[in-house]
Amino acid sequence: MNYFPLTTNTLSNEDKKLAIDVIKSGNITRGNYNKLVEQYFTKKFKRYALLVNSGSSANLLAFSLLVNKKRKYNLKKDDEIIIPALCWSTSLFPIIQMGLKPVFVDVDIKTLNIDLKELEKKITKKTKAVMLVHALANCTDISLLKKILKRYKLILIEDACEALGSKYKNNYLGTHGALASFSFYFSHHITSGEGGLILCKSYQDYKILLSLRAHGWSREIDNLKRKKSKRFNKLFNFINLGYNLRLTDIQAALLLNQVKKIDKFKVNRLYNYNLICKIFKKDKFLENHLIFIASQKNAEVSWFNFPIILKKFKNRKRDIVCEKLNELGVETRPIISGDFSKQKVIQDDFMDLSKLRFSNATKINNSGFMLGISSNKLEKKIVIRLANDIKKVINAVK
Ligand SMILES: Cc1ncc(COP(=O)(O)O)c(C=O)c1O
């Protein structure tokens, strides 16, 4: 049994009961629970909110929207989109799938988030947008980023899949740009098994997203109108090249009460993060062997996981540390998916992206790993046991 797992279950008996009630009712596809959860998010984030079946789907919708012919200002083939090299696969893939050109930028080793000096160096005449990935719920200096965006007239998309509840200067991550994505996959802050959310600022974008999310039909846009059409085929009117990315009401019912705990979970996750840091930093040996990650100034971070970078070990030795920790009941995994430019799909199929070097992303890739961080407050004695196990393992590998 793992005493320090990567993920803890946030589903209460009440959440499960609501989902079972939906199954019993027979109305299991998108329905009232979806609408209630969307209303909650709209109020919380002051943005249009659409539930979808994953964070990846939210990113796919974001880039489908940005290139969509129905959008007043749409991106064109080979327009460049800046993205940190430390990202998730489906933060990146929709950019390529939509015919746009991703441009990787290194991250700041202190925060794991995009390095703004490096970002500015990569801006060209073809740069049209920045896809931020709020790594582990931390963020970059968003005030400085906004100045850069304004200077070069760039669109901001926020992949906030790991960042539900975090804030920068008292505004939630996901509300700083034109579009944002969140994930409700099992290992995230709240969960519906699979699930996601896309936020947008503009009503025009909202209407296009409604259609793209469901088959490309006009049904949900028509529902917004006060005067309803009487045409026989009004429900089967297709206006855009859409997908079907809707969430079931079984899943939305699981979210209904969890959404009210987002801020409480943030307090607990921050408490856990600080507790781990305090106990680890008190120990000279651990201080000498580990690099700790700092919260961005002015940010309130609802930490997604606890990242560790080993000062003295890399590659195989890092792997052995993780294997030994796993044997002791401490689950570990890579930091997001490491330096994405090193992934096989990029090395095999995207030559120009594969040749670049990102020293910080490489270090994170080769010497980093993550531990879980629970949504419930951790006991001090568990963290002391964790610190002792990490010491034991590092000593055994040295
Ligand atoms: C940064 C980031 N973006 C996107 C995703 C994709 O979310 P999902 O698993 O809900 O598709 C993840 C998933 O973990 C993620 O970490």
# chains A, B, ... in the order shown; residues from 1 in each chain; ligands from 1
$ select_by_dssp --residues "segment 292-382 of chain A" --states "alpha helix (DSSP H)" --output "PyMOL selection string"
chain A and resi 316-327+344-349+351-354+359-367+380-382
$ select_by_dssp --residues "segment 111-294 of chain A" --states "strand (DSSP E or B)" --output "PyMOL selection string"
chain A and resi 114+127-133+155-159+167-168+171-172+179-183+196-200+214+217+238+244+290-291
$ residues_near_ligand --ligand "ligand 1" --cutoff "10 Å" --atoms "only C-alpha atoms and all ligand atoms" --output "PyMOL selection string"
chain A and resi 52-60+86-92+132-137+158-163+181-188+191-197+304+335-337
$ residues_around --residues "segment 215-225 of chain A" --least-positions-apart "4" --cutoff "7 Å" --atoms "only C-alpha atoms" --output "PyMOL selection string"
chain A and resi 207+210-211+235-244
$ closest_residue --among "A:Gln251, A:Thr7, A:Asn257, A:Ser375" --to "Arg269 of chain A" --atoms "only C-alpha atoms"
A:Ser375
$ residues_around --residues "Ile28 of chain A" --least-positions-apart "4" --cutoff "10 Å" --atoms "only C-alpha atoms" --output "PDB file with C-alpha atoms, in the first residue's frame"
ATOM      1  CA  ALA A  19     -24.384  10.259 -10.182  1.00  0.00           C
ATOM      2  CA  ILE A  20     -26.372   7.104  -9.387  1.00  0.00           C
ATOM      3  CA  ASP A  21     -29.578   9.181  -9.285  1.00  0.00           C
ATOM      4  CA  VAL A  22     -28.788  10.417 -12.794  1.00  0.00           C
ATOM      5  CA  ILE A  23     -28.360   6.813 -14.002  1.00  0.00           C
ATOM      6  CA  LYS A  24     -31.663   5.842 -12.373  1.00  0.00           C
ATOM      7  CA  ASN A  32     -29.471  19.829 -16.098  1.00  0.00           C
ATOM      8  CA  TYR A  33     -26.353  18.980 -14.048  1.00  0.00           C
ATOM      9  CA  LEU A 247     -19.787  15.603 -20.920  1.00  0.00           C
ATOM     10  CA  THR A 248     -22.466  13.191 -19.675  1.00  0.00           C
ATOM     11  CA  ASP A 249     -24.780  14.274 -16.867  1.00  0.00           C
ATOM     12  CA  ILE A 250     -23.469  11.358 -14.772  1.00  0.00           C
ATOM     13  CA  GLN A 251     -20.078  13.086 -14.797  1.00  0.00           C
ATOM     14  CA  ALA A 252     -21.520  16.571 -14.269  1.00  0.00           C
ATOM     15  CA  ALA A 253     -23.414  15.269 -11.206  1.00  0.00           C
TER      16      ALA A 253
END
$ atom_distance --atom1 "atom CA of Ala396 of chain A" --atom2 "atom CA of Glu323 of chain A"
12.0 Å
$ residues_around --residues "segment 70-85 of chain A" --least-positions-apart "4" --cutoff "7 Å" --atoms "only C-alpha atoms" --output "ChimeraX atom specification"
/A:66,99-107,114,126-133,339-341,361
$ residues_around --residues "Thr175 of chain A" --least-positions-apart "6" --cutoff "8 Å" --atoms "only C-alpha atoms" --output "VMD selection string"
chain A and resid 45 to 47 199
$ closest_residue --among "A:Gly26, A:Arg333, A:Val259, A:Lys234" --to "Gln39 of chain A" --atoms "only C-alpha atoms"
A:Val259
$ closest_residue --among "A:Ala299, A:Leu154, A:Ile394, A:Ile382" --to "Lys311 of chain A" --atoms "only C-alpha atoms"
A:Ile394
$ atom_distance --atom1 "atom CA of Leu61 of chain A" --atom2 "atom CA of Ile198 of chain A"
8.0 Å
$ closest_residue --among "A:Tyr203, A:Lys282, A:Ile157, A:Arg231" --to "Ile384 of chain A" --atoms "only C-alpha atoms"
A:Lys282
$ decode --residues "segment 79-145 of chain A" --atoms "C-alpha atoms" --output "JSON list (two decimals), in the first residue's frame"
[["chain", "number", "residue", "atom", "x", "y", "z"],
["A", 79, "ASP", "CA", 1.01, 31.24, -37.89],
["A", 80, "GLU", "CA", 3.31, 30.73, -34.92],
["A", 81, "ILE", "CA", 2.15, 29.86, -31.42],
["A", 82, "ILE", "CA", 4.57, 30.06, -28.50],
["A", 83, "ILE", "CA", 4.40, 27.22, -25.96],
["A", 84, "PRO", "CA", 6.70, 26.14, -23.10],
["A", 85, "ALA", "CA", 8.87, 23.07, -23.75],
["A", 86, "LEU", "CA", 7.56, 21.70, -20.44],
["A", 87, "CYS", "CA", 4.02, 20.96, -21.56],
["A", 88, "TRP", "CA", 1.53, 18.13, -21.94],
["A", 89, "SER", "CA", 1.01, 16.31, -25.25],
["A", 90, "THR", "CA", -2.46, 17.72, -25.83],
["A", 91, "SER", "CA", -1.40, 21.25, -24.93],
["A", 92, "LEU", "CA", 0.78, 21.01, -28.03],
["A", 93, "PHE", "CA", -0.95, 18.65, -30.50],
["A", 94, "PRO", "CA", -4.04, 20.78, -31.30],
["A", 95, "ILE", "CA", -1.67, 23.57, -32.45],
["A", 96, "ILE", "CA", -0.13, 21.19, -35.00],
["A", 97, "GLN", "CA", -3.46, 19.54, -35.85],
["A", 98, "MET", "CA", -4.89, 22.96, -36.79],
["A", 99, "GLY", "CA", -2.00, 23.67, -39.21],
["A", 100, "LEU", "CA", -0.35, 26.19, -36.89],
["A", 101, "LYS", "CA", 3.35, 26.20, -36.00],
["A", 102, "PRO", "CA", 4.37, 25.62, -32.37],
["A", 103, "VAL", "CA", 7.49, 27.40, -31.14],
["A", 104, "PHE", "CA", 9.00, 25.95, -27.98],
["A", 105, "VAL", "CA", 10.39, 28.20, -25.26],
["A", 106, "ASP", "CA", 12.41, 27.11, -22.22],
["A", 107, "VAL", "CA", 11.04, 27.41, -18.69],
["A", 108, "ASP", "CA", 12.38, 29.12, -15.59],
["A", 109, "ILE", "CA", 13.88, 26.46, -13.31],
["A", 110, "LYS", "CA", 12.74, 28.41, -10.21],
["A", 111, "THR", "CA", 9.02, 28.23, -11.07],
["A", 112, "LEU", "CA", 8.84, 25.56, -13.83],
["A", 113, "ASN", "CA", 6.86, 28.07, -15.90],
["A", 114, "ILE", "CA", 7.69, 29.81, -19.16],
["A", 115, "ASP", "CA", 10.77, 32.05, -19.16],
["A", 116, "LEU", "CA", 9.59, 35.45, -20.38],
["A", 117, "LYS", "CA", 13.05, 36.64, -21.53],
["A", 118, "GLU", "CA", 13.30, 33.55, -23.74],
["A", 119, "LEU", "CA", 9.70, 34.04, -24.89],
["A", 120, "GLU", "CA", 10.36, 37.56, -26.14],
["A", 121, "LYS", "CA", 13.41, 36.36, -28.09],
["A", 122, "LYS", "CA", 11.20, 33.88, -30.00],
["A", 123, "ILE", "CA", 8.62, 36.44, -31.20],
["A", 124, "THR", "CA", 8.59, 36.98, -34.97],
["A", 125, "LYS", "CA", 6.20, 38.65, -37.42],
["A", 126, "LYS", "CA", 4.36, 35.32, -37.65],
["A", 127, "THR", "CA", 3.77, 34.96, -33.90],
["A", 128, "LYS", "CA", 0.08, 35.27, -33.18],
["A", 129, "ALA", "CA", -0.55, 33.68, -29.78],
["A", 130, "VAL", "CA", 0.94, 32.31, -26.58],
["A", 131, "MET", "CA", -0.27, 28.99, -25.21],
["A", 132, "LEU", "CA", 0.66, 29.21, -21.53],
["A", 133, "VAL", "CA", 0.83, 25.99, -19.56],
["A", 134, "HIS", "CA", 0.44, 26.79, -15.87],
["A", 135, "ALA", "CA", 2.80, 24.02, -14.81],
["A", 136, "LEU", "CA", 1.78, 22.31, -11.56],
["A", 137, "ALA", "CA", -0.66, 25.20, -10.84],
["A", 138, "ASN", "CA", 2.19, 27.71, -10.54],
["A", 139, "CYS", "CA", 2.50, 30.47, -13.15],
["A", 140, "THR", "CA", 4.83, 32.92, -14.83],
["A", 141, "ASP", "CA", 4.93, 36.69, -14.13],
["A", 142, "ILE", "CA", 1.57, 37.36, -15.75],
["A", 143, "SER", "CA", 1.76, 41.17, -15.38],
["A", 144, "LEU", "CA", 4.99, 41.24, -17.38],
["A", 145, "LEU", "CA", 3.59, 38.74, -19.87]]
